[in-house]
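Notes to accompany the following structure.
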Amino acid sequence: MTALVQLDKVTKRYGAQAAVNELTLEFGEGQCIALVGHNGAGKTTLIKLMLGLTHATAGRVRVLGENPLSRAGQRARLEIGYLPENVAFPASLTGLEMLRFYGRLKRRPRAECEDLLARVGLMGAAHKRIGTYSKGMRQRLGLAQALLGAPRLLFLDEPTTGLDPFLRHSFYAIVAELRGRGVTTVLSSHALSELETRVDKIVVLHEGTALVEGTLDSLRTMARLPTILRLRLRNGLAGKVPAVFADVATGSVAADGAIELSCAAERKMEVLRRAQAIEGLDDIEIMSPSLDQLYASFLQDKQGLT
Amino acid sequence: MRNLWIIAGKEVRDGLRNRWIVATTLLLAALALTLTFLGSVPTGTVGASRLAVTIVSLSSLTIFLVPLIALLLAYDAIVGEFDRGTLLLLLSYPVARWQVVIGKFLGHLAILAFATVVGYGAAAGALLVTDGHAEGLATFARMIGSSVLLGAVFVAIGYLISAIVRDRGLAGGLAIGVWLLFVLIYDMALLGLLVVDKGRIISVGMLDVLLLLNPADAFRVLNLTGSGGVSQFAGMAGLSEDAGLSPAILVTALLLWIVLPLGGAALALGRRQL
């Protein structure tokens with residue numbers, strides 16, 4: 001796999017404060033990567049470093065094989081798309097005029113701008129001033145400009161902030177399509193739950209360092225958080241935890257009468273087998289640790305609260 | 001090079017949309033026409049050329065108004081884009097930072113040049129129609145050209161302010177301060193200095209340098225000591241005889257006043273951490 005982005009012991013300091021601290025990362029071709037972390041964890045600074053908008057205090061940054069601050073790095077931006085957090089445009093221009101402006105800077109034809117506007121559902125507002133756009137429309141225009149020139153590498157900084165569920169869904173549909181076409185996408189987000197099924201790799205950032213990185217499954221293994229199974233049993237059996245689970249899980253009865261079993265991830269299948277053997281079983285719900293829970297767990301570990 | 005025109009074109013479009021171009025053109029045209037017809041009324045009795053009087057009047061108007069318009073256009077150009085978040089996105093494109101500065105400058109200069117040429121041109125056209133002869137129009141054209149040059153100087157100074165400070169309010173305050181300094185305070189201070197000095201320390205050569213250090217004065221000397229009867233009506237005949245400042249030196253000084261602040265602005269933006 002070719003590495004499109006390489007960061008080698010990269011540090012970025014603002015005064016005494018290190019926004020990014022000796023970070024080493026590599027993003028491969030066609031990957032969808034989520035940068036996860038609370039405010040100030042270093043997500044936006046990391047994206048700015050990769051775009052050459054700010055320079056590293058120490059370490060080496062290579063994007064598409066080039067130093068983003070060099071002339072070659074500037075040319076490489078032809079193949080990079082970026083959607084900043086809280087994207088803004090001049091209010092007096094229309095959506096199409098704005099996209100044409102960015103299109104010209106990337107040497108893209110007018111037809112491509114119109115196609116992109118249609119793709120993000122803004123063709124009807126193409127000739128309206130951006131000042132009249134809603135937050136969702138501005139965000140979609142932001143996505144359209146990021147997609148100009150069919151980029152190989154896409155940076156999306158908090159892309160779904162302020163979008164309603166429908167728009168979020170259509171937004172991720174576009175991201176999934178890009179992923180299918182081999183575009184490397186780097187997403188930063190607070191909305192962890194919506195990232196879970198959509199990314200190949202998750203990087204948990206904390207105080208400028210990568211606390212952990214890997215696939216969701218590997219993070220679950222690392223965190224060793226229990227898997228929860230909820231069993232719904234027919235009348236008469238509800239109200240107590242069957243003794244058959246005693247050696248593989250700890251159980252309790254939830255307020256709605258369901259039995260909740262908590263077990264280690266590797267024992268999940270065994271618990272399932274035993275559960276299926278119980279007479280009167282109506283339904284099983286499996287709840288693996290969510291990204292929110294994983295994040296909280298890693299953060300607690302880091303801060304020594306557990 | 002193409003990026004410069006793309007960015008300049010966007011500024012012009014923006015200027016058309018937010019009515020900057022229409023407003024400044026109408027303002028300059030209205031004032032120029034008013035000065036042309038009301039300001040040249042006394043010429044009938046003193047026998048002065050209407051055109052010469054109009055040039056003197058418009059030069060004085062330029063010194064007050066064009067720097068102000070230029071600074072108002074420019075002070076927000078970089079700090080405002082930074083504040084609104086539009087600069088971040090623009091710089092993520094394959095564009096060098098100096099191209100952003102120069103491109104935007106060219107766009108703003110085009111707006112100012114259009115307003116000045118059309119506004120003052122309206123006055124020249126009106127004179128041509130009423131007087132019926134084209135004598136002295138070259139001097140008028142020079143005055144319009146140098147007004148654009150003066151505008152470019154203050155757009156460049158506005159860009160320097162805009163690239164250095166991080167607060168739009170501060171940039172606006174500094175822009176007004178620069179206008180007050182160069183248009184009002186500098187001359188009064190210089191005059192006071194000359195009166196106090198009584199020619200003991202400040203030589204003619206030194207006075208020339210002091211005049212070049214203020215772009216508004218360089219413009220004034222360039223236009224009001226010009227050919228024909230202009231210097232007579234401008235009350236600067238004495239100065240025009242003494243001053244060793246040729247038009248070439250004055251124009252060079254004004255060009256330096258454009259290049260240096262603009263270079264400073266490009267340098268400041270280049271070093272800025274986003």
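A note on labels: chains of the structure tokens are A, B, ... as shown, every chain counts residues from 1, and ligands are counted from 1 in their shown order.
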
Please tabulate, as a tab-separated table, the residues of chain A that come within 6 Å of chain B, each with its closest pair of atoms and the distance in Å to one decimal, counting only C-alpha atoms and ordering rows by chain, then residue number upward.
```
residue	atom	partner	partner_atom	distance
A:Leu53	CA	B:Leu274	CA	5.7
A:Thr54	CA	B:Gln273	CA	5.1
A:Gln74	CA	B:Pro94	CA	5.1
A:Arg75	CA	B:Pro94	CA	5.5
A:Arg77	CA	B:Pro94	CA	5.2
A:Leu78	CA	B:Pro94	CA	6.0
A:Ala88	CA	B:Thr86	CA	5.5
A:Phe89	CA	B:Thr86	CA	5.9
A:Ser92	CA	B:Arg17	CA	5.9
```

Could you go through stretch 116-205 of chain B and tell me which residues DSSP, when run on the backbone, assigns to helix (DSSP H, G or I), listing them as a PyMOL selection string? chain B and resi 116-131+137-164+168-197+204-205

Compile the contact shell of A:Leu205 as a PyMOL selection string: residues with an atom at most 6 Å away, counting only C-alpha atoms, same-chain residues fewer than 6 positions apart removed. chain A and resi 36-37+41+211

Contact residues around A:Arg273 with only C-alpha atoms at 12 Å, ignoring same-chain residues under 4 positions, as an NGL selection string: :A and (229 or 244-245 or 248 or 267-269 or 277-278 or 281 or 284)

Next, dump the selected residues to file, keeping only C-alpha atoms, as an mmCIF file, in the first residue's frame.
```cif
data_model
loop_
_atom_site.group_PDB
_atom_site.id
_atom_site.type_symbol
_atom_site.label_atom_id
_atom_site.label_comp_id
_atom_site.auth_asym_id
_atom_site.auth_seq_id
_atom_site.Cartn_x
_atom_site.Cartn_y
_atom_site.Cartn_z
ATOM 1 C CA LEU A 229 -25.941 -8.947 25.257
ATOM 2 C CA VAL A 244 -26.058 -21.241 32.714
ATOM 3 C CA PHE A 245 -24.104 -17.968 32.175
ATOM 4 C CA VAL A 248 -18.894 -16.749 31.165
ATOM 5 C CA ARG A 267 -16.522 -14.928 25.118
ATOM 6 C CA LYS A 268 -19.335 -13.377 23.134
ATOM 7 C CA MET A 269 -19.863 -16.421 20.866
ATOM 8 C CA ALA A 277 -30.149 -23.122 24.013
ATOM 9 C CA ILE A 278 -32.471 -21.404 26.525
ATOM 10 C CA LEU A 281 -35.762 -16.946 24.056
ATOM 11 C CA ILE A 284 -30.966 -11.202 21.405
#
```

Can you list, as a ChimeraX atom specification, every protein, DNA or RNA residue that comes within 12 Å of A:Val186 when you count only C-alpha atoms, leaving out same-chain residues fewer than 2 positions away? /A:4-5,26-36,43-44,46-47,50-51,80-84,152-159,175,178-179,183-184,188-189,195,198-203

Selected residues written out with N, CA and C atoms, as a CSV table (one decimal), in the first residue's frame:
```
chain,number,residue,atom,x,y,z
A,4,LEU,N,0.2,7.9,1.3
A,4,LEU,CA,-0.1,9.2,0.7
A,4,LEU,C,0.3,10.3,1.7
A,5,VAL,N,0.2,10.0,2.9
A,5,VAL,CA,0.6,10.9,4.0
A,5,VAL,C,1.5,10.3,4.9
A,26,GLU,N,0.9,7.3,9.3
A,26,GLU,CA,0.9,7.0,7.9
A,26,GLU,C,-0.4,6.7,7.4
A,27,PHE,N,-0.9,7.4,6.3
A,27,PHE,CA,-2.2,7.1,5.8
A,27,PHE,C,-2.0,6.5,4.4
A,28,GLY,N,-2.6,5.4,4.1
A,28,GLY,CA,-2.4,4.7,2.8
A,28,GLY,C,-3.4,5.1,1.8
A,29,GLU,N,-3.2,4.7,0.6
A,29,GLU,CA,-4.1,5.0,-0.6
A,29,GLU,C,-5.4,4.3,-0.4
A,30,GLY,N,-6.5,5.1,-0.6
A,30,GLY,CA,-7.8,4.5,-0.5
A,30,GLY,C,-8.4,4.3,0.9
A,31,GLN,N,-7.6,4.7,1.9
A,31,GLN,CA,-8.1,4.6,3.3
A,31,GLN,C,-9.1,5.7,3.7
A,32,CYS,N,-10.0,5.4,4.6
A,32,CYS,CA,-10.8,6.4,5.2
A,32,CYS,C,-10.4,6.5,6.7
A,33,ILE,N,-9.8,7.6,7.1
A,33,ILE,CA,-9.2,7.7,8.4
A,33,ILE,C,-10.0,8.7,9.2
A,34,ALA,N,-10.3,8.3,10.5
A,34,ALA,CA,-11.0,9.3,11.3
A,34,ALA,C,-10.0,9.8,12.4
A,35,LEU,N,-9.9,11.1,12.5
A,35,LEU,CA,-9.1,11.7,13.6
A,35,LEU,C,-10.1,12.0,14.7
A,36,VAL,N,-10.0,11.4,15.8
A,36,VAL,CA,-10.9,11.6,16.9
A,36,VAL,C,-10.3,12.2,18.1
A,43,LYS,N,-6.5,17.9,16.3
A,43,LYS,CA,-7.0,17.4,15.0
A,43,LYS,C,-6.8,18.5,13.9
A,44,THR,N,-7.3,19.7,14.1
A,44,THR,CA,-7.3,20.7,13.1
A,44,THR,C,-5.9,21.2,12.8
A,46,LEU,N,-3.3,19.3,13.0
A,46,LEU,CA,-2.7,18.2,12.2
A,46,LEU,C,-3.1,18.4,10.7
A,47,ILE,N,-4.4,18.7,10.4
A,47,ILE,CA,-4.8,18.9,9.1
A,47,ILE,C,-4.1,20.1,8.4
A,50,MET,N,-0.7,19.2,7.3
A,50,MET,CA,-0.7,18.3,6.1
A,50,MET,C,-1.0,19.2,4.9
A,51,LEU,N,-1.7,20.3,5.1
A,51,LEU,CA,-2.1,21.2,4.0
A,51,LEU,C,-1.0,22.3,3.7
A,80,ILE,N,-5.6,17.6,-4.0
A,80,ILE,CA,-6.0,17.6,-2.6
A,80,ILE,C,-7.3,18.4,-2.4
A,81,GLY,N,-8.3,17.9,-1.7
A,81,GLY,CA,-9.5,18.6,-1.4
A,81,GLY,C,-9.6,18.9,0.1
A,82,TYR,N,-10.1,20.0,0.5
A,82,TYR,CA,-10.2,20.4,1.9
A,82,TYR,C,-11.5,21.0,2.2
A,83,LEU,N,-12.1,20.6,3.2
A,83,LEU,CA,-13.4,21.2,3.7
A,83,LEU,C,-13.1,21.6,5.2
A,84,PRO,N,-12.8,23.0,5.4
A,84,PRO,CA,-12.5,23.4,6.7
A,84,PRO,C,-13.7,23.3,7.7
A,152,ARG,N,-7.2,13.0,-5.0
A,152,ARG,CA,-6.7,11.7,-4.4
A,152,ARG,C,-6.8,11.7,-2.9
A,153,LEU,N,-6.7,12.9,-2.4
A,153,LEU,CA,-6.6,13.0,-0.9
A,153,LEU,C,-7.6,14.1,-0.5
A,154,LEU,N,-8.4,13.7,0.5
A,154,LEU,CA,-9.5,14.7,1.0
A,154,LEU,C,-9.4,14.9,2.5
A,155,PHE,N,-9.4,16.1,2.9
A,155,PHE,CA,-9.4,16.4,4.3
A,155,PHE,C,-10.7,17.0,4.7
A,156,LEU,N,-11.4,16.4,5.6
A,156,LEU,CA,-12.8,16.9,5.9
A,156,LEU,C,-12.7,17.2,7.5
A,157,ASP,N,-12.7,18.5,7.8
A,157,ASP,CA,-12.6,18.9,9.2
A,157,ASP,C,-14.0,19.1,9.8
A,158,GLU,N,-14.4,18.3,10.7
A,158,GLU,CA,-15.7,18.4,11.3
A,158,GLU,C,-16.8,18.6,10.2
A,159,PRO,N,-16.9,17.7,9.3
A,159,PRO,CA,-17.7,18.0,8.1
A,159,PRO,C,-19.2,18.0,8.4
A,175,VAL,N,-19.1,10.3,0.7
A,175,VAL,CA,-17.8,9.8,1.3
A,175,VAL,C,-17.6,8.4,0.9
A,178,LEU,N,-16.7,7.9,-2.6
A,178,LEU,CA,-15.3,8.3,-2.9
A,178,LEU,C,-14.3,7.2,-2.4
A,179,ARG,N,-14.7,6.6,-1.3
A,179,ARG,CA,-13.9,5.6,-0.7
A,179,ARG,C,-13.8,4.4,-1.7
A,183,VAL,N,-10.3,7.1,-3.1
A,183,VAL,CA,-9.8,8.4,-2.6
A,183,VAL,C,-9.5,8.2,-1.1
A,184,THR,N,-8.4,8.7,-0.7
A,184,THR,CA,-8.0,8.7,0.7
A,184,THR,C,-8.7,9.9,1.4
A,188,SER,N,-12.1,14.5,10.5
A,188,SER,CA,-12.0,14.7,11.9
A,188,SER,C,-13.4,15.0,12.4
A,189,SER,N,-13.8,14.4,13.6
A,189,SER,CA,-15.1,14.6,14.0
A,189,SER,C,-15.3,14.4,15.5
A,195,LEU,N,-19.2,7.8,12.8
A,195,LEU,CA,-18.0,7.4,12.1
A,195,LEU,C,-17.7,5.9,12.1
A,198,ARG,N,-18.0,3.7,9.1
A,198,ARG,CA,-17.6,4.4,7.8
A,198,ARG,C,-16.1,4.6,7.6
A,199,VAL,N,-15.3,4.1,8.6
A,199,VAL,CA,-13.9,4.4,8.4
A,199,VAL,C,-13.1,3.1,8.5
A,200,ASP,N,-11.9,3.1,7.9
A,200,ASP,CA,-11.0,2.0,8.0
A,200,ASP,C,-10.1,2.0,9.2
A,201,LYS,N,-9.8,3.3,9.6
A,201,LYS,CA,-8.8,3.4,10.6
A,201,LYS,C,-9.2,4.6,11.5
A,202,ILE,N,-9.0,4.4,12.8
A,202,ILE,CA,-9.3,5.5,13.7
A,202,ILE,C,-8.0,5.9,14.5
A,203,VAL,N,-7.8,7.2,14.5
A,203,VAL,CA,-6.6,7.7,15.3
A,203,VAL,C,-7.2,8.5,16.4
```

Just list the residues in stretch 158-231 of chain A DSSP gives strand (DSSP E) on the backbone, as an MDAnalysis selection string. chainID A and resid 184:189 201:206 209:214 227:231

Residues within 6 Å of stretch 133-145 of chain A, only C-alpha atoms, excluding chain neighbours under 3 positions, as a list in words: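 The filter keeps Leu83, Leu116, Val120, Ile130, Leu148 and Leu163 of chain A.
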
Selection: 10 Å around A:Glu194, only C-alpha atoms, excl. self and same-chain fewer than 2 positions, as a CSV table (one decimal) with N, CA and C atoms, in the first residue's frame:
```csv
chain,number,residue,atom,x,y,z
A,160,THR,N,-19.7,17.3,9.4
A,160,THR,CA,-21.2,17.2,9.6
A,160,THR,C,-21.7,18.1,10.7
A,168,ARG,N,-26.6,14.5,6.9
A,168,ARG,CA,-25.5,13.7,7.3
A,168,ARG,C,-25.4,12.4,6.5
A,169,HIS,N,-26.6,11.9,6.3
A,169,HIS,CA,-26.7,10.6,5.6
A,169,HIS,C,-26.2,10.8,4.2
A,172,TYR,N,-22.4,11.3,4.0
A,172,TYR,CA,-21.6,10.0,4.2
A,172,TYR,C,-21.8,9.1,3.0
A,189,SER,N,-13.8,14.4,13.6
A,189,SER,CA,-15.1,14.6,14.0
A,189,SER,C,-15.3,14.4,15.5
A,190,HIS,N,-16.3,15.1,16.1
A,190,HIS,CA,-16.7,14.8,17.4
A,190,HIS,C,-17.8,13.7,17.5
A,191,ALA,N,-18.5,13.7,16.3
A,191,ALA,CA,-19.7,12.8,16.3
A,191,ALA,C,-19.2,11.3,16.1
A,192,LEU,N,-18.7,10.7,17.1
A,192,LEU,CA,-18.0,9.4,17.0
A,192,LEU,C,-18.9,8.3,16.5
A,196,GLU,N,-18.3,5.2,13.1
A,196,GLU,CA,-18.0,3.8,13.4
A,196,GLU,C,-17.9,2.9,12.2
A,197,THR,N,-19.0,2.9,11.4
A,197,THR,CA,-19.0,1.9,10.3
A,197,THR,C,-18.5,2.5,9.0
A,198,ARG,N,-18.0,3.7,9.1
A,198,ARG,CA,-17.6,4.4,7.8
A,198,ARG,C,-16.1,4.6,7.6
A,199,VAL,N,-15.3,4.1,8.6
A,199,VAL,CA,-13.9,4.4,8.4
A,199,VAL,C,-13.1,3.1,8.5
A,291,LEU,N,-17.7,3.6,19.7
A,291,LEU,CA,-16.5,4.4,19.6
A,291,LEU,C,-16.5,5.5,20.8
```

Taking only C-alpha atoms into account, name the residue in B:Ile55, B:Leu61, B:Leu193, B:Leu213 that is nearest to B:Ala138.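 Smallest distance to B:Ala138 is found for B:Ile55.
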
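Residue nearest A:Leu261, chosen from A:Ile228, A:Met287, A:Leu187, A:Val241 and counting only C-alpha atoms: A:Ile228.
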